[in-house]
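Only one structure is covered here, and it is reproduced in the block below.
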Amino acid sequence: MTESRSLFGRAGFIAAAVGSAIGLGNIWKFPYITYANEGGSFVLVYLAAVVMVGAPLLLAEFLLGRHTGRNPFGAFVAITKDRPGGRLWSAFGFLPVITISLVGGYYYLVAGWTLYYCIRCVGWALSGFDLTPTEVSASFNTFLANGPLQIGVHLSFTVITGAIVLLGVKSGIERVTKIVMPLLGGLLLLLAIAAIPTPGFSEALRFLFHIGPLSADALLEAVGHSFFTLGVGMGILITYSSYMSKKQSIVRSGLLVCVLDTLVGLVACIVMFSIIFGVPEAERATAFSKSATIMFTTLPHMLFAFPLGQLLAPLFYFLVAFAALTSTISGLEMLVSVASDELGWSRTRAVLVISLVFVAIAIPTALSVGAHEGLSNWQPFGELSRGVFDTFDYTVSNWLLPITGLGLSLVLGWVVLQPKLREEFEIGHGQFKTFPIWQFLIRVVSPIAILWILWEVIGGRSFA
Ligand code: TRP
């Protein structure tokens, strides 16, 4: 099966991997958790989390995928088959299948919202935006409670994602991400430039880089976010790197992905905070509460008040929708690779069946944001989550990603024979002795950090 794999070009691999990493996590979630954790110190801790936990695990996935040339499940099977524990380890390769199936419920939905808001902003820009903040919030709540529309926006994202993945690795994913990613960088830069003359800009910078007190929860949140934003533990990076050329350096590509992902998060913070700090102090608490809905309630109103707001508001949602799209593509491709490697399915069949499963999972999720009372209030984990949407998010971020990450660090750090890995790791950059550093991080630092997260989660904490 592996011989028939098509490979990414060098830049294509980077575009696809960066595309997968940059998403709603960077543009929406990172700014709001940074804001909630008081800025500067949290950014530093987050950078440390990326360097010490996120990046080593990302490199572990790259290594596993390129070495085995398989999907996540097949990769774990192949690499552990002659080792102690054998097939038991492959359970870690199956977890991403569950993870992405759940993510397919809620991430696609939020991605669909951004697309819907892009179109909505075009309408508002054309007709002249004159809504009050309360009216914008109210219209978002009406939108959430509209069950058929929620299913519709999810479906639209499922169809677009499916169509691109259907075209294949080179002519679908590589082609689209190579166009979209530079565009995205350009758009974000444009927004950042537009933010410079706004009254909130200097305070935004000060907030982002000042050093203040920090809670233990912030540490946990930083590690957890480094997983989600890099896409570690989702099996995606294993799949993508199974399409990576043998000549490409894993370390260089991996570090580039981490740097670009972090940069985009920071620039998104500058843009968002410039908007937030532009509003009078008294209104800020409501303007930027720790709420999943901020991007659709307060933000449209603020964007239209921006210089060139009529243009920037639709552009902003367009940007976020595309950032989300290059992530959803990676999730679907991961499942397609499992179905085609392990079950022998054709790409077309895999895309169709998996998309149908996504839609089936999405229906209760889409109805759980207001349309259906029972689904919206479902609480299988007590106070830790409310509703199907929230419960899926809780399960993925608190349990599934850390457990898969733990599996990765145990298997690549301890179970697999190290000389084999070293050879693969050093292709393309043998002159730098980075392997021992990586090995220490993956053997010792990552498992300790993850076990700490899991300990807190077992103790009833939630940091999603
Ligand atoms: N890294 C993405 C983000 O920051 C999340 C992500 C990666 C993702 N791959 C995915 C989400 C696949 C859904 C499906 O937003």
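Residues are referred to by chain and number: the chain letter is A, B, ... according to the order shown in the structure tokens, the number counts from 1 in that chain, and ligands are numbered separately from 1 in the order shown.
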
Practice problem: Considering only C-alpha atoms, return as a list in words whatever protein or nucleic-acid residues lie within 9 Å of Ser337 (chain A), sequence-local ones (same chain, fewer than 2 positions apart) excluded. | Solution: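 Once the adjacent positions are removed, what remains is Arg70, Asn71, Pro72, Thr239, Leu332, Glu333, Met334, Leu335, Ala339, Ser340, Asp341, Glu342, Arg347 and Ala350 of chain A.
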
Output file for the selection above: C-alpha atoms, as a compact mmCIF listing (two decimals), in the first residue's frame:
# COMPACT_ATOMS: atom_id res chain seq x y z
CA ARG A 70 1.66 4.82 7.12
CA ASN A 71 -1.49 6.24 8.66
CA PRO A 72 -1.41 6.69 12.49
CA THR A 239 -0.38 11.07 8.07
CA LEU A 332 -10.30 14.32 6.95
CA GLU A 333 -7.10 13.26 5.18
CA MET A 334 -5.98 11.45 8.33
CA LEU A 335 -9.16 9.38 8.41
CA ALA A 339 -9.49 3.80 5.63
CA SER A 340 -7.39 3.37 2.51
CA ASP A 341 -4.35 1.77 4.18
CA GLU A 342 -6.17 -0.46 6.62
CA ARG A 347 -10.26 7.74 -1.80
CA ALA A 350 -13.44 6.93 2.10

Quiz prompt | Close residues to ligand 1 using only C-alpha atoms and all ligand atoms, limit 6 Å, as a list in words | solution =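 Final answer, ordered by chain and number: Ser20, Ala21, Ile22, Gly23, Leu24, Gly25, Asn26, Val103, Tyr107, Phe228, Thr229, Leu230, Gly231, Ser327, Thr328, Ser330 and Gly331 of chain A.
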
Mind dumping the selected residues with C-alpha atoms as a compact mmCIF listing (two decimals), in the first residue's frame?
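Result saved to out-v2.txt:
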# COMPACT_ATOMS: atom_id res chain seq x y z
CA SER A 20 -3.15 22.16 9.60
CA ALA A 21 -1.51 23.89 12.57
CA ILE A 22 -2.96 27.34 11.95
CA GLY A 23 -6.66 27.43 12.60
CA LEU A 24 -9.36 28.58 14.96
CA GLY A 25 -6.93 27.71 17.76
CA ASN A 26 -4.59 30.53 16.73
CA VAL A 103 -13.64 17.14 16.38
CA TYR A 107 -14.73 22.21 14.88
CA PHE A 228 -4.32 21.66 20.08
CA THR A 229 -2.77 24.43 18.07
CA LEU A 230 0.04 22.31 16.65
CA GLY A 231 -2.39 19.45 16.07
CA SER A 327 -7.17 22.32 9.39
CA THR A 328 -10.36 20.40 8.60
CA SER A 330 -5.92 17.60 7.50
CA GLY A 331 -8.39 15.89 9.83

Exercise. Name all residues at most 10 Å from region 164-170 of chain A (count only C-alpha atoms; drop same-chain ones fewer than 6 positions away) and give them as an NGL selection string.
Key: :A and (5-9 or 12-13 or 16 or 176 or 240 or 243 or 325-326 or 328-333 or 336 or 347-352)

Quiz item: as a ChimeraX atom specification, which residues of region 239-406 of chain A does DSSP assign to alpha helix (DSSP H)?
Solution: /A:239-242,250-277,281-287,294-305,309-343,347-366,373-376,387-394,401-406

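Each of A:Val320, A:Ile275, A:Met234, A:Ile294 was compared to Gly185 (chain A) using only C-alpha atoms, and A:Val320 turns out to be the nearest.
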
Exercise. Enter the distance from CA of His225 (chain A) to CA of Leu59 (chain A), in Å, rounded to one decimal.
Key: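 Computing the Euclidean distance for CA of His225 (chain A) and CA of Leu59 (chain A) yields 16.9 Å.
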